[in-house]
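A quick write-up on the structure given underneath.
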Amino acid sequence: MMQKLLNQIDQLHSFILKGNQHKSKVSEKGTYWQIDHSLQVLDGVAEVVENSNPTDYQPTFSFTKLIIMSTGYIPRGKGRAPKQTVPQNELSQEELLEQLKKVRSKITDLNKLDKNKTFKHPLFGWLNLKDTIKFMGIHTHHHIKIINDILK
């Protein structure tokens with residue numbers, strides 16, 4: 001799962017190099033917004049996991065979590081991103097490349113964490129490290145599909 005996530009970060013890098021593109025029939029937001037949002041989620045989740053206390057973990061059942069984690073599919077236009085992961089200003093290519101470099105390092109460092117580190121998702125509830133990495137991949141894949149549709 002970790003290698004898949006790193007491959008997705010490589011894809012985001014290639015999209016940055018193509019410039020900011022828009023296609024209103026696909027999304028109100030352009031490719032740079034999609035990339036920035038994806039990187040903010042990866043950065044924020046990695047930060048929370050790194051600083052988490054495994055004793056806080058309280059497993060709960062979530063039907064939404066079951067469906068999304070089982071299928072790997074997030075329906076478009078249904079979710080709302082937490083305010084802290086919604087890009088406020090459009091970043092330049094250089095800023096996105098710098099952000100991507102920082103995120104890649106944080107994601108790579110997840111391999112060094114205790115497997116009992118956790119993340120509390122706003123809809124899914126508690127995720128252990130393995131499920132957190134899986135969620136990060138599913139979320140990033142969701143935005144990669146949107147970017148691919150914009151680029152078509």
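A note on labels: chains of the structure tokens are A, B, ... as shown, every chain counts residues from 1, and ligands are counted from 1 in their shown order.
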
So which residues of chain A fall under helix (DSSP H, G or I) by DSSP, listed as a short mmCIF file (atom, residue, chain, number, x, y, z; two decimals) with C-alpha atoms, in the first residue's frame?
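Output file part-v8.cif is given in full below:
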```
data_model
loop_
_atom_site.label_atom_id
_atom_site.label_comp_id
_atom_site.auth_asym_id
_atom_site.auth_seq_id
_atom_site.Cartn_x
_atom_site.Cartn_y
_atom_site.Cartn_z
CA MET A 2 2.84 2.36 0.81
CA GLN A 3 4.45 1.89 -2.61
CA LYS A 4 1.10 2.52 -4.29
CA LEU A 5 0.77 5.80 -2.37
CA LEU A 6 4.29 6.85 -3.37
CA ASN A 7 3.44 6.02 -7.01
CA GLN A 8 0.38 8.26 -6.69
CA ILE A 9 2.59 11.08 -5.42
CA ASP A 10 4.72 10.56 -8.55
CA GLN A 11 1.55 10.90 -10.63
CA LEU A 12 0.68 14.16 -8.87
CA HIS A 13 4.20 15.37 -9.69
CA SER A 14 3.66 14.65 -13.38
CA PHE A 15 0.32 16.52 -13.28
CA ILE A 16 1.98 19.58 -11.73
CA LEU A 17 4.40 19.71 -14.66
CA THR A 31 -5.91 20.49 -11.59
CA TYR A 32 -3.73 22.55 -9.25
CA TRP A 33 -6.59 22.80 -6.74
CA GLN A 34 -7.07 19.01 -6.89
CA ILE A 35 -3.34 18.46 -6.37
CA ASP A 36 -3.09 21.02 -3.57
CA HIS A 37 -6.08 19.51 -1.76
CA SER A 38 -4.66 15.99 -2.13
CA LEU A 39 -1.29 17.09 -0.78
CA GLN A 40 -2.89 18.97 2.11
CA VAL A 41 -4.84 15.85 3.10
CA LEU A 42 -1.71 13.67 2.88
CA ASP A 43 0.31 16.19 4.88
CA GLY A 44 -2.36 16.73 7.53
CA VAL A 45 -3.18 13.06 8.02
CA ALA A 46 0.51 12.12 8.20
CA GLU A 47 1.04 14.82 10.83
CA VAL A 48 -1.90 13.61 12.94
CA VAL A 49 -0.79 9.97 12.72
CA GLU A 50 2.78 10.83 13.65
CA PRO A 54 -2.39 4.74 20.26
CA THR A 55 -4.29 4.55 23.56
CA ASP A 56 -6.85 7.02 22.15
CA PHE A 63 -21.09 1.73 7.22
CA THR A 64 -19.51 4.51 5.12
CA LYS A 65 -16.05 3.33 6.14
CA LEU A 66 -16.94 -0.28 5.32
CA ILE A 67 -18.16 0.61 1.82
CA ILE A 68 -15.36 3.02 0.88
CA MET A 69 -12.53 0.97 2.37
CA SER A 70 -13.90 -2.22 0.75
CA THR A 71 -14.55 -0.78 -2.70
CA LYS A 83 -11.89 23.44 6.09
CA GLN A 84 -8.18 22.99 6.80
CA THR A 85 -7.76 20.89 3.62
CA GLN A 93 3.88 25.29 -9.92
CA GLU A 94 6.97 25.93 -7.78
CA GLU A 95 4.93 26.03 -4.55
CA LEU A 96 3.17 22.77 -5.43
CA LEU A 97 6.48 21.08 -6.24
CA GLU A 98 7.88 22.18 -2.88
CA GLN A 99 4.74 20.99 -1.08
CA LEU A 100 4.95 17.65 -2.90
CA LYS A 101 8.57 17.18 -1.85
CA LYS A 102 7.65 17.79 1.81
CA VAL A 103 4.68 15.41 1.62
CA ARG A 104 6.73 12.64 -0.02
CA SER A 105 9.16 12.81 2.88
CA LYS A 106 6.34 12.67 5.46
CA ILE A 107 4.70 9.72 3.71
CA THR A 108 8.00 7.84 3.53
CA ASP A 109 8.46 8.46 7.27
CA LEU A 110 5.18 6.66 8.00
CA ASN A 111 7.13 3.41 7.53
CA LYS A 112 9.08 4.25 10.68
CA LEU A 129 -1.88 3.05 10.65
CA LYS A 130 -2.48 0.39 7.97
CA ASP A 131 -6.06 1.58 7.33
CA THR A 132 -4.93 5.22 7.42
CA ILE A 133 -2.42 4.56 4.63
CA LYS A 134 -5.12 2.72 2.70
CA PHE A 135 -7.52 5.66 3.13
CA MET A 136 -4.82 8.09 1.96
CA GLY A 137 -4.40 6.01 -1.20
CA ILE A 138 -8.16 5.84 -1.84
CA HIS A 139 -8.53 9.59 -1.36
CA THR A 140 -5.55 10.40 -3.58
CA HIS A 141 -6.84 8.00 -6.26
CA HIS A 142 -10.22 9.80 -6.18
CA HIS A 143 -8.52 13.11 -7.04
CA ILE A 144 -6.20 11.52 -9.62
CA LYS A 145 -9.30 10.26 -11.46
CA ILE A 146 -10.76 13.79 -11.43
CA ILE A 147 -7.47 15.22 -12.73
CA ASN A 148 -7.34 12.59 -15.49
CA ASP A 149 -10.89 13.54 -16.54
CA ILE A 150 -9.91 17.24 -16.62
CA LEU A 151 -6.91 16.41 -18.80
#
```

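Of the residues in chain A, those given strand (DSSP E or B) by DSSP on the backbone are A:Thr118, A:Phe119, A:Lys120, A:His121, A:Gly125, A:Trp126, A:Leu127, A:Asn128.
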
Item checked: For Ser27 (chain A), the nearest of the candidates A:Phe61, A:Asn89, A:Gly77, A:Gly72, counting only C-alpha atoms -> A:Gly77
